[in-house]
$ cat final-v2.cif   # mmCIF, C-alpha atoms
data_target
#
loop_
_atom_site.group_PDB
_atom_site.id
_atom_site.type_symbol
_atom_site.label_atom_id
_atom_site.label_comp_id
_atom_site.auth_asym_id
_atom_site.auth_seq_id
_atom_site.Cartn_x
_atom_site.Cartn_y
_atom_site.Cartn_z
ATOM 1 C CA MET A 1 59.599 -32.219 -6.295
ATOM 2 C CA GLY A 2 59.071 -29.588 -8.961
ATOM 3 C CA VAL A 3 55.781 -28.732 -10.557
ATOM 4 C CA VAL A 4 55.116 -30.665 -13.752
ATOM 5 C CA ASN A 5 53.677 -28.457 -16.463
ATOM 6 C CA ILE A 6 51.464 -30.314 -18.930
ATOM 7 C CA PRO A 7 51.364 -28.489 -22.273
ATOM 8 C CA ALA A 8 48.016 -27.174 -23.483
ATOM 9 C CA SER A 9 48.517 -29.121 -26.696
ATOM 10 C CA THR A 10 48.077 -32.270 -24.585
ATOM 11 C CA VAL A 11 45.345 -31.080 -22.196
ATOM 12 C CA VAL A 12 42.939 -29.613 -24.763
ATOM 13 C CA PRO A 13 42.544 -32.798 -26.842
ATOM 14 C CA LEU A 14 41.971 -34.827 -23.651
ATOM 15 C CA VAL A 15 39.238 -32.433 -22.490
ATOM 16 C CA LEU A 16 37.545 -32.474 -25.895
ATOM 17 C CA GLU A 17 37.776 -36.263 -25.971
ATOM 18 C CA SER A 18 36.063 -36.498 -22.580
ATOM 19 C CA ARG A 19 33.295 -34.102 -23.634
ATOM 20 C CA THR A 20 32.671 -36.077 -26.817
ATOM 21 C CA ARG A 21 32.452 -39.286 -24.814
ATOM 22 C CA ASP A 22 29.908 -37.709 -22.462
ATOM 23 C CA ARG A 23 27.852 -36.428 -25.415
ATOM 24 C CA ILE A 24 27.763 -39.904 -26.936
ATOM 25 C CA LEU A 25 26.766 -41.474 -23.609
ATOM 26 C CA GLN A 26 23.974 -38.923 -23.168
ATOM 27 C CA ALA A 27 22.766 -39.467 -26.739
ATOM 28 C CA ILE A 28 22.630 -43.238 -26.246
ATOM 29 C CA GLY A 29 20.504 -42.695 -23.152
ATOM 30 C CA GLU A 30 18.114 -40.528 -25.157
ATOM 31 C CA LEU A 31 18.012 -42.408 -28.476
ATOM 32 C CA GLY A 32 18.960 -46.003 -27.644
ATOM 33 C CA PRO A 33 18.926 -48.531 -29.086
ATOM 34 C CA VAL A 34 20.893 -46.504 -31.617
ATOM 35 C CA THR A 35 23.542 -47.343 -34.232
ATOM 36 C CA ALA A 36 26.955 -45.757 -34.661
ATOM 37 C CA THR A 37 25.836 -44.193 -37.939
ATOM 38 C CA ALA A 38 22.763 -42.637 -36.335
ATOM 39 C CA LEU A 39 24.889 -41.280 -33.475
ATOM 40 C CA ALA A 40 27.363 -39.773 -35.928
ATOM 41 C CA ASP A 41 24.532 -38.030 -37.806
ATOM 42 C CA GLU A 42 22.931 -36.805 -34.579
ATOM 43 C CA LEU A 43 26.135 -35.404 -33.076
ATOM 44 C CA GLY A 44 27.889 -34.228 -36.230
ATOM 45 C CA LEU A 45 30.801 -36.642 -35.828
ATOM 46 C CA THR A 46 32.475 -39.141 -38.119
ATOM 47 C CA VAL A 47 31.416 -42.767 -37.878
ATOM 48 C CA PRO A 48 34.998 -43.980 -37.112
ATOM 49 C CA ALA A 49 35.261 -41.494 -34.242
ATOM 50 C CA VAL A 50 31.936 -42.648 -32.820
ATOM 51 C CA ARG A 51 32.914 -46.314 -33.132
ATOM 52 C CA ARG A 52 36.129 -45.651 -31.205
ATOM 53 C CA HIS A 53 34.151 -44.108 -28.338
ATOM 54 C CA LEU A 54 31.610 -46.925 -28.468
ATOM 55 C CA GLU A 55 34.386 -49.472 -28.069
ATOM 56 C CA ASN A 56 35.744 -47.597 -25.045
ATOM 57 C CA LEU A 57 32.293 -47.227 -23.488
ATOM 58 C CA THR A 58 31.605 -50.930 -24.022
ATOM 59 C CA GLU A 59 34.915 -51.908 -22.435
ATOM 60 C CA SER A 60 34.094 -49.610 -19.500
ATOM 61 C CA GLY A 61 30.774 -51.392 -19.045
ATOM 62 C CA LEU A 62 28.727 -48.215 -19.579
ATOM 63 C CA ILE A 63 26.860 -49.428 -22.660
ATOM 64 C CA ASP A 64 25.577 -52.753 -23.979
ATOM 65 C CA GLU A 65 25.346 -53.905 -27.564
ATOM 66 C CA ARG A 66 22.034 -55.019 -29.030
ATOM 67 C CA VAL A 67 21.479 -56.761 -32.359
ATOM 68 C CA VAL A 68 18.394 -55.343 -34.055
ATOM 69 C CA ALA A 69 17.096 -57.118 -37.144
ATOM 70 C CA LEU A 70 15.392 -54.605 -39.406
ATOM 71 C CA ALA A 71 13.189 -55.723 -42.293
ATOM 72 C CA SER A 72 14.590 -52.972 -44.499
ATOM 73 C CA ARG A 73 18.057 -54.532 -44.304
ATOM 74 C CA GLY A 74 16.913 -57.616 -46.227
ATOM 75 C CA ARG A 75 19.397 -60.474 -46.000
ATOM 76 C CA GLY A 76 22.218 -58.244 -44.764
ATOM 77 C CA ARG A 77 23.845 -58.344 -41.377
ATOM 78 C CA PRO A 78 21.665 -57.210 -38.447
ATOM 79 C CA ALA A 79 22.275 -53.678 -37.233
ATOM 80 C CA ARG A 80 24.506 -53.266 -34.186
ATOM 81 C CA SER A 81 22.785 -50.894 -31.801
ATOM 82 C CA PHE A 82 23.721 -49.662 -28.351
ATOM 83 C CA VAL A 83 21.885 -48.935 -25.096
ATOM 84 C CA LEU A 84 22.983 -47.799 -21.659
ATOM 85 C CA SER A 85 23.961 -50.516 -19.197
ATOM 86 C CA ASP A 86 23.045 -50.319 -15.510
ATOM 87 C CA ASP A 87 26.454 -48.746 -14.857
ATOM 88 C CA GLY A 88 25.791 -46.277 -17.665
ATOM 89 C CA HIS A 89 22.541 -45.179 -16.077
ATOM 90 C CA GLN A 90 24.300 -44.801 -12.740
ATOM 91 C CA ALA A 91 26.963 -42.657 -14.384
ATOM 92 C CA LEU A 92 24.222 -40.185 -15.313
ATOM 93 C CA GLU A 93 22.498 -40.313 -11.953
ATOM 94 C CA SER A 94 22.948 -38.141 -8.904
ATOM 95 C CA ASP A 95 25.092 -39.450 -6.059
ATOM 96 C CA TYR A 96 22.273 -38.466 -3.720
ATOM 97 C CA ASP A 97 19.925 -41.145 -5.075
ATOM 98 C CA HIS A 98 21.185 -43.747 -2.592
ATOM 99 C CA LEU A 99 20.687 -41.328 0.295
ATOM 100 C CA ALA A 100 17.173 -40.585 -0.975
ATOM 101 C CA THR A 101 16.323 -44.294 -0.967
ATOM 102 C CA GLU A 102 17.453 -44.633 2.635
ATOM 103 C CA ALA A 103 15.352 -41.620 3.605
ATOM 104 C CA LEU A 104 12.301 -43.098 1.867
ATOM 105 C CA ARG A 105 12.745 -46.396 3.698
ATOM 106 C CA PHE A 106 12.785 -44.497 6.949
ATOM 107 C CA LEU A 107 9.669 -42.535 5.940
ATOM 108 C CA ALA A 108 7.828 -45.740 4.979
ATOM 109 C CA SER A 109 8.841 -47.381 8.238
ATOM 110 C CA GLU A 110 7.822 -44.450 10.423
ATOM 111 C CA ALA A 111 4.716 -43.193 8.590
ATOM 112 C CA GLY A 112 3.696 -45.969 6.192
ATOM 113 C CA PRO A 113 3.533 -46.356 2.384
ATOM 114 C CA GLU A 114 0.826 -43.701 2.131
ATOM 115 C CA ALA A 115 3.334 -41.092 3.286
ATOM 116 C CA VAL A 116 5.706 -42.125 0.480
ATOM 117 C CA ARG A 117 2.868 -41.758 -2.034
ATOM 118 C CA ARG A 118 2.060 -38.261 -0.786
ATOM 119 C CA PHE A 119 5.735 -37.318 -0.972
ATOM 120 C CA ALA A 120 6.010 -38.630 -4.555
ATOM 121 C CA GLU A 121 2.895 -36.688 -5.585
ATOM 122 C CA SER A 122 4.192 -33.538 -3.902
ATOM 123 C CA ARG A 123 7.546 -33.852 -5.655
ATOM 124 C CA ILE A 124 6.077 -34.354 -9.131
ATOM 125 C CA GLY A 125 3.474 -31.690 -8.388
ATOM 126 C CA VAL A 126 6.165 -29.014 -8.377
ATOM 127 C CA LEU A 127 7.291 -30.060 -11.861
ATOM 128 C CA GLU A 128 3.711 -30.439 -13.059
ATOM 129 C CA GLN A 129 2.829 -26.917 -12.069
ATOM 130 C CA ARG A 130 5.834 -25.533 -13.941
ATOM 131 C CA TYR A 131 5.234 -27.680 -17.005
ATOM 132 C CA ALA A 132 1.532 -26.773 -17.081
ATOM 133 C CA ALA A 133 2.473 -23.128 -17.549
ATOM 134 C CA GLU A 134 4.676 -24.067 -20.507
ATOM 135 C CA LEU A 135 2.027 -26.304 -22.082
ATOM 136 C CA ALA A 136 -0.637 -23.614 -21.760
ATOM 137 C CA GLY A 137 0.300 -22.194 -25.145
ATOM 138 C CA ALA A 138 0.682 -25.550 -26.906
ATOM 139 C CA GLY A 139 -2.998 -25.947 -27.771
ATOM 140 C CA PRO A 140 -5.282 -28.956 -27.188
ATOM 141 C CA GLU A 141 -3.684 -31.406 -29.636
ATOM 142 C CA PRO A 142 -1.798 -34.195 -27.802
ATOM 143 C CA ALA A 143 1.069 -34.222 -30.355
ATOM 144 C CA ALA A 144 1.829 -30.542 -29.834
ATOM 145 C CA ARG A 145 1.590 -30.892 -26.082
ATOM 146 C CA VAL A 146 3.922 -33.917 -26.142
ATOM 147 C CA GLU A 147 6.473 -31.902 -28.140
ATOM 148 C CA THR A 148 6.412 -29.113 -25.554
ATOM 149 C CA LEU A 149 6.622 -31.584 -22.670
ATOM 150 C CA VAL A 150 9.584 -33.364 -24.288
ATOM 151 C CA ALA A 151 11.445 -30.061 -24.563
ATOM 152 C CA ALA A 152 10.772 -29.286 -20.890
ATOM 153 C CA LEU A 153 11.808 -32.760 -19.715
ATOM 154 C CA THR A 154 15.001 -32.697 -21.792
ATOM 155 C CA ARG A 155 15.926 -29.307 -20.365
ATOM 156 C CA ASP A 156 15.539 -30.775 -16.873
ATOM 157 C CA GLY A 157 17.850 -33.710 -17.654
ATOM 158 C CA PHE A 158 15.378 -36.502 -18.446
ATOM 159 C CA ALA A 159 16.822 -37.102 -21.962
ATOM 160 C CA ALA A 160 13.308 -37.168 -23.405
ATOM 161 C CA SER A 161 12.194 -37.890 -26.960
ATOM 162 C CA ALA A 162 8.965 -38.669 -28.814
ATOM 163 C CA ARG A 163 8.378 -41.322 -31.470
ATOM 164 C CA PRO A 164 5.214 -42.047 -33.485
ATOM 165 C CA MET A 165 3.925 -45.548 -32.890
ATOM 166 C CA GLY A 166 4.418 -46.347 -36.587
ATOM 167 C CA GLU A 167 8.203 -46.483 -36.023
ATOM 168 C CA PRO A 168 10.036 -49.417 -34.392
ATOM 169 C CA SER A 169 9.552 -49.420 -30.631
ATOM 170 C CA ALA A 170 12.536 -48.553 -28.436
ATOM 171 C CA THR A 171 11.518 -51.143 -25.878
ATOM 172 C CA GLY A 172 9.725 -53.778 -27.885
ATOM 173 C CA GLY A 173 6.428 -52.578 -26.423
ATOM 174 C CA SER A 174 3.370 -52.085 -28.595
ATOM 175 C CA ALA A 175 0.424 -49.747 -28.561
ATOM 176 C CA PRO A 176 -2.814 -50.860 -26.929
ATOM 177 C CA THR A 177 -5.046 -52.603 -29.470
ATOM 178 C CA GLY A 178 -6.921 -50.268 -31.807
ATOM 179 C CA LEU A 179 -5.046 -47.125 -30.783
ATOM 180 C CA SER A 180 -2.430 -45.019 -32.486
ATOM 181 C CA GLY A 181 -0.309 -42.505 -30.690
ATOM 182 C CA ILE A 182 3.115 -41.369 -29.575
ATOM 183 C CA GLN A 183 5.795 -42.982 -27.458
ATOM 184 C CA LEU A 184 7.143 -40.505 -24.941
ATOM 185 C CA CYS A 185 10.585 -41.840 -23.981
ATOM 186 C CA GLN A 186 12.855 -40.813 -21.107
ATOM 187 C CA GLY A 187 16.424 -42.066 -21.242
ATOM 188 C CA HIS A 188 17.328 -40.827 -17.785
ATOM 189 C CA CYS A 189 15.569 -40.826 -14.422
ATOM 190 C CA PRO A 190 17.085 -39.000 -11.427
ATOM 191 C CA VAL A 191 15.225 -41.267 -8.974
ATOM 192 C CA GLN A 192 15.679 -44.570 -10.820
ATOM 193 C CA HIS A 193 17.079 -46.470 -7.836
ATOM 194 C CA ALA A 194 14.448 -45.124 -5.456
ATOM 195 C CA ALA A 195 11.655 -45.952 -7.923
ATOM 196 C CA ARG A 196 12.774 -49.590 -8.065
ATOM 197 C CA GLU A 197 11.750 -49.938 -4.449
ATOM 198 C CA PHE A 198 9.034 -47.289 -4.397
ATOM 199 C CA PRO A 199 6.858 -47.438 -7.563
ATOM 200 C CA GLN A 200 4.819 -44.540 -6.190
ATOM 201 C CA PHE A 201 7.224 -42.239 -8.055
ATOM 202 C CA CYS A 202 6.454 -43.849 -11.422
ATOM 203 C CA ASP A 203 2.708 -43.806 -10.674
ATOM 204 C CA ALA A 204 2.756 -40.142 -9.692
ATOM 205 C CA GLU A 205 4.663 -39.164 -12.833
ATOM 206 C CA THR A 206 2.318 -41.163 -15.085
ATOM 207 C CA ASP A 207 -0.732 -39.505 -13.532
ATOM 208 C CA ALA A 208 0.896 -36.081 -13.978
ATOM 209 C CA PHE A 209 1.540 -36.793 -17.669
ATOM 210 C CA SER A 210 -2.142 -37.693 -18.117
ATOM 211 C CA ARG A 211 -3.214 -34.391 -16.604
ATOM 212 C CA LEU A 212 -0.652 -32.352 -18.538
ATOM 213 C CA LEU A 213 -1.437 -33.942 -21.906
ATOM 214 C CA GLY A 214 -5.198 -34.140 -21.426
ATOM 215 C CA VAL A 215 -5.366 -37.844 -22.307
ATOM 216 C CA HIS A 216 -5.139 -41.088 -20.389
ATOM 217 C CA VAL A 217 -1.526 -42.235 -20.897
ATOM 218 C CA GLN A 218 -0.161 -45.728 -20.259
ATOM 219 C CA ARG A 219 3.303 -46.712 -19.007
ATOM 220 C CA LEU A 220 4.815 -49.434 -21.196
ATOM 221 C CA ALA A 221 8.313 -49.658 -19.701
ATOM 222 C CA THR A 222 10.411 -48.078 -16.962
ATOM 223 C CA LEU A 223 14.068 -47.786 -16.088
ATOM 224 C CA ALA A 224 13.130 -48.781 -12.550
ATOM 225 C CA HIS A 225 11.942 -52.188 -13.815
ATOM 226 C CA GLY A 226 15.130 -52.850 -15.747
ATOM 227 C CA ASP A 227 14.216 -51.456 -19.160
ATOM 228 C CA HIS A 228 16.768 -49.206 -20.833
ATOM 229 C CA VAL A 229 14.277 -46.348 -21.251
ATOM 230 C CA CYS A 230 10.993 -45.221 -19.710
ATOM 231 C CA THR A 231 8.243 -45.406 -22.328
ATOM 232 C CA THR A 232 4.815 -43.840 -21.988
ATOM 233 C CA PHE A 233 2.103 -44.379 -24.598
ATOM 234 C CA VAL A 234 0.167 -41.202 -25.428
ATOM 235 C CA PRO A 235 -2.960 -41.934 -27.532
ATOM 236 C CA THR A 236 -3.834 -39.540 -30.338
ATOM 237 C CA THR A 237 -6.984 -41.233 -31.664
ATOM 238 C CA GLU A 238 -10.368 -39.602 -31.243
ATOM 239 C CA GLY A 239 -12.124 -40.431 -28.030
ATOM 240 C CA SER A 240 -8.907 -40.674 -26.037
ATOM 241 C CA THR A 241 -9.133 -37.150 -24.616
ATOM 242 C CA ARG A 242 -9.993 -37.094 -20.973
#
$ encode --input "final-v2.cif" --output "structure tokens"
Amino acid sequence: MGVVNIPASTVVPLVLESRTRDRILQAIGELGPVTATALADELGLTVPAVRRHLENLTESGLIDERVVALASRGRGRPARSFVLSDDGHQALESDYDHLATEALRFLASEAGPEAVRRFAESRIGVLEQRYAAELAGAGPEPAARVETLVAALTRDGFAASARPMGEPSATGGSAPTGLSGIQLCQGHCPVQHAAREFPQFCDAETDAFSRLLGVHVQRLATLAHGDHVCTTFVPTTEGSTR
């Protein structure tokens, strides 16, 4: 059988199409729930092009549609927004996550839950030490430190973002009574499956965020518990500094 040569005029559009699809999937993980219009603005694409990819991603089971009723829309139709499905999160996860879970089960069986906690703290401690060096020049204000932390987390693949509590919540969660602050969101977690069974990873990360930001933060939602984004409340009111 002879070699079949596929012309570049066919290959290049297919490659670009795949990259665009991946960009949209990543953006949904970071911004979701998010509308087609917002995605188009964020990625510099046309709304029809985004809608075509959204239809394909929905048919593939990688995203789910959410209907979000916004007061600003009046009596109009509710906004159609999109979030990652469980399969969508898995598509962004490492194939080694399942192996890691098995290893953690073995560790818990042989050495007990305390050993898993120490491992989780050791793992996040490496990141914390690196992030602390980056936050050193951010100053004492929580908002500035959150901005620097978001940039570091996004660079490391956590699809992080920050939203003032005055904006609609990504998870439906609300700020603790009497406090204003920032929602630190993470659309991707490399140990999501392991954290479902071993919450020590979520606890260790939350404690690290408190130390890095200099305030007592509170976890409102996690991917490990079935939410479509991890959300951490960072207070910015006076008296919240640790």
$ resolve_selection --input "final-v2.cif" --expression "the PyMOL selection byres ((chain A and resi 53) around 12)" --output "PyMOL selection string"
chain A and resi 17-25+28+36+39-40+45-52+54-60+62-63+82
$ resolve_selection --input "final-v2.cif" --expression "the PyMOL selection byres ((chain A and resi 187-192) around 8)" --output "list in words"
Gly29, Glu30, Leu31, Gly32, His89, Leu92, Glu93, Ser94, Asp97, Gly157, Phe158, Ala159, Ala160, Cys185, Gln186, His193, Ala194, Ala195, Arg196, Leu223, Ala224, His228, Val229 and Cys230 of chain A
$ closest_residue --input "final-v2.cif" --among "A:Ala103, A:Ala108, A:Val234, A:Ala136" --to "Met165 in chain A" --atoms "only C-alpha atoms"
A:Val234
$ atom_distance --input "final-v2.cif" --atom1 "CA of Thr232 in chain A" --atom2 "CA of Leu149 in chain A"
12.4 Å
$ atom_distance --input "final-v2.cif" --atom1 "CA of Thr236 in chain A" --atom2 "CA of Gly214 in chain A"
10.5 Å
$ decode --input "final-v2.cif" --residues "range 95-167 of chain A" --atoms "C-alpha atoms" --output "PDB file, in the first residue's frame"
ATOM      1  CA  ASP A  95      -3.336  10.181  33.589  1.00  0.00           C
ATOM      2  CA  TYR A  96      -1.246   9.546  36.690  1.00  0.00           C
ATOM      3  CA  ASP A  97      -4.016  10.679  39.051  1.00  0.00           C
ATOM      4  CA  HIS A  98      -5.514   7.180  39.247  1.00  0.00           C
ATOM      5  CA  LEU A  99      -2.110   5.696  40.046  1.00  0.00           C
ATOM      6  CA  ALA A 100      -1.616   8.353  42.729  1.00  0.00           C
ATOM      7  CA  THR A 101      -4.918   7.400  44.363  1.00  0.00           C
ATOM      8  CA  GLU A 102      -3.894   3.754  44.507  1.00  0.00           C
ATOM      9  CA  ALA A 103      -0.565   4.724  46.059  1.00  0.00           C
ATOM     10  CA  LEU A 104      -2.327   6.857  48.678  1.00  0.00           C
ATOM     11  CA  ARG A 105      -4.645   3.988  49.585  1.00  0.00           C
ATOM     12  CA  PHE A 106      -1.620   1.813  50.117  1.00  0.00           C
ATOM     13  CA  LEU A 107       0.053   4.512  52.237  1.00  0.00           C
ATOM     14  CA  ALA A 108      -3.084   4.936  54.371  1.00  0.00           C
ATOM     15  CA  SER A 109      -3.374   1.186  54.814  1.00  0.00           C
ATOM     16  CA  GLU A 110       0.266   0.676  55.762  1.00  0.00           C
ATOM     17  CA  ALA A 111       0.966   3.843  57.778  1.00  0.00           C
ATOM     18  CA  GLY A 112      -2.431   5.349  58.613  1.00  0.00           C
ATOM     19  CA  PRO A 113      -4.288   8.566  57.679  1.00  0.00           C
ATOM     20  CA  GLU A 114      -1.719  10.695  59.495  1.00  0.00           C
ATOM     21  CA  ALA A 115       0.892   9.653  56.941  1.00  0.00           C
ATOM     22  CA  VAL A 116      -1.388  10.841  54.120  1.00  0.00           C
ATOM     23  CA  ARG A 117      -1.796  14.193  55.882  1.00  0.00           C
ATOM     24  CA  ARG A 118       1.967  14.607  56.217  1.00  0.00           C
ATOM     25  CA  PHE A 119       2.415  13.720  52.551  1.00  0.00           C
ATOM     26  CA  ALA A 120      -0.237  16.265  51.491  1.00  0.00           C
ATOM     27  CA  GLU A 121       1.410  18.974  53.607  1.00  0.00           C
ATOM     28  CA  SER A 122       4.835  18.111  52.210  1.00  0.00           C
ATOM     29  CA  ARG A 123       3.542  18.268  48.644  1.00  0.00           C
ATOM     30  CA  ILE A 124       1.832  21.647  49.044  1.00  0.00           C
ATOM     31  CA  GLY A 125       4.797  22.880  51.070  1.00  0.00           C
ATOM     32  CA  VAL A 126       6.996  22.780  47.978  1.00  0.00           C
ATOM     33  CA  LEU A 127       4.548  25.013  46.101  1.00  0.00           C
ATOM     34  CA  GLU A 128       4.052  27.252  49.126  1.00  0.00           C
ATOM     35  CA  GLN A 129       7.742  27.924  49.443  1.00  0.00           C
ATOM     36  CA  ARG A 130       7.982  28.892  45.775  1.00  0.00           C
ATOM     37  CA  TYR A 131       4.855  31.031  45.873  1.00  0.00           C
ATOM     38  CA  ALA A 132       5.992  32.784  49.062  1.00  0.00           C
ATOM     39  CA  ALA A 133       9.044  34.078  47.219  1.00  0.00           C
ATOM     40  CA  GLU A 134       6.805  35.492  44.486  1.00  0.00           C
ATOM     41  CA  LEU A 135       4.378  37.077  46.956  1.00  0.00           C
ATOM     42  CA  ALA A 136       7.205  38.706  48.903  1.00  0.00           C
ATOM     43  CA  GLY A 137       7.063  41.764  46.670  1.00  0.00           C
ATOM     44  CA  ALA A 138       3.264  41.999  46.539  1.00  0.00           C
ATOM     45  CA  GLY A 139       2.895  43.982  49.761  1.00  0.00           C
ATOM     46  CA  PRO A 140       0.592  43.305  52.736  1.00  0.00           C
ATOM     47  CA  GLU A 141      -2.767  43.989  51.064  1.00  0.00           C
ATOM     48  CA  PRO A 142      -4.753  40.754  50.523  1.00  0.00           C
ATOM     49  CA  ALA A 143      -6.059  41.883  47.094  1.00  0.00           C
ATOM     50  CA  ALA A 144      -2.564  42.402  45.714  1.00  0.00           C
ATOM     51  CA  ARG A 145      -1.364  39.132  47.172  1.00  0.00           C
ATOM     52  CA  VAL A 146      -4.362  37.286  45.688  1.00  0.00           C
ATOM     53  CA  GLU A 147      -3.555  38.748  42.257  1.00  0.00           C
ATOM     54  CA  THR A 148       0.027  37.487  42.475  1.00  0.00           C
ATOM     55  CA  LEU A 149      -1.095  34.077  43.734  1.00  0.00           C
ATOM     56  CA  VAL A 150      -3.636  33.766  40.904  1.00  0.00           C
ATOM     57  CA  ALA A 151      -0.904  34.434  38.349  1.00  0.00           C
ATOM     58  CA  ALA A 152       1.331  31.777  39.926  1.00  0.00           C
ATOM     59  CA  LEU A 153      -1.464  29.195  40.123  1.00  0.00           C
ATOM     60  CA  THR A 154      -2.529  29.821  36.519  1.00  0.00           C
ATOM     61  CA  ARG A 155       1.048  29.399  35.333  1.00  0.00           C
ATOM     62  CA  ASP A 156       1.139  26.028  37.102  1.00  0.00           C
ATOM     63  CA  GLY A 157      -2.063  24.843  35.395  1.00  0.00           C
ATOM     64  CA  PHE A 158      -4.699  25.496  38.070  1.00  0.00           C
ATOM     65  CA  ALA A 159      -6.782  27.791  35.789  1.00  0.00           C
ATOM     66  CA  ALA A 160      -7.096  30.322  38.604  1.00  0.00           C
ATOM     67  CA  SER A 161      -9.072  33.561  38.702  1.00  0.00           C
ATOM     68  CA  ALA A 162     -10.226  36.099  41.289  1.00  0.00           C
ATOM     69  CA  ARG A 163     -13.652  37.708  41.617  1.00  0.00           C
ATOM     70  CA  PRO A 164     -14.828  40.379  44.083  1.00  0.00           C
ATOM     71  CA  MET A 165     -17.666  39.154  46.254  1.00  0.00           C
ATOM     72  CA  GLY A 166     -19.916  41.891  44.841  1.00  0.00           C
ATOM     73  CA  GLU A 167     -20.162  39.948  41.550  1.00  0.00           C
TER      74      GLU A 167
END
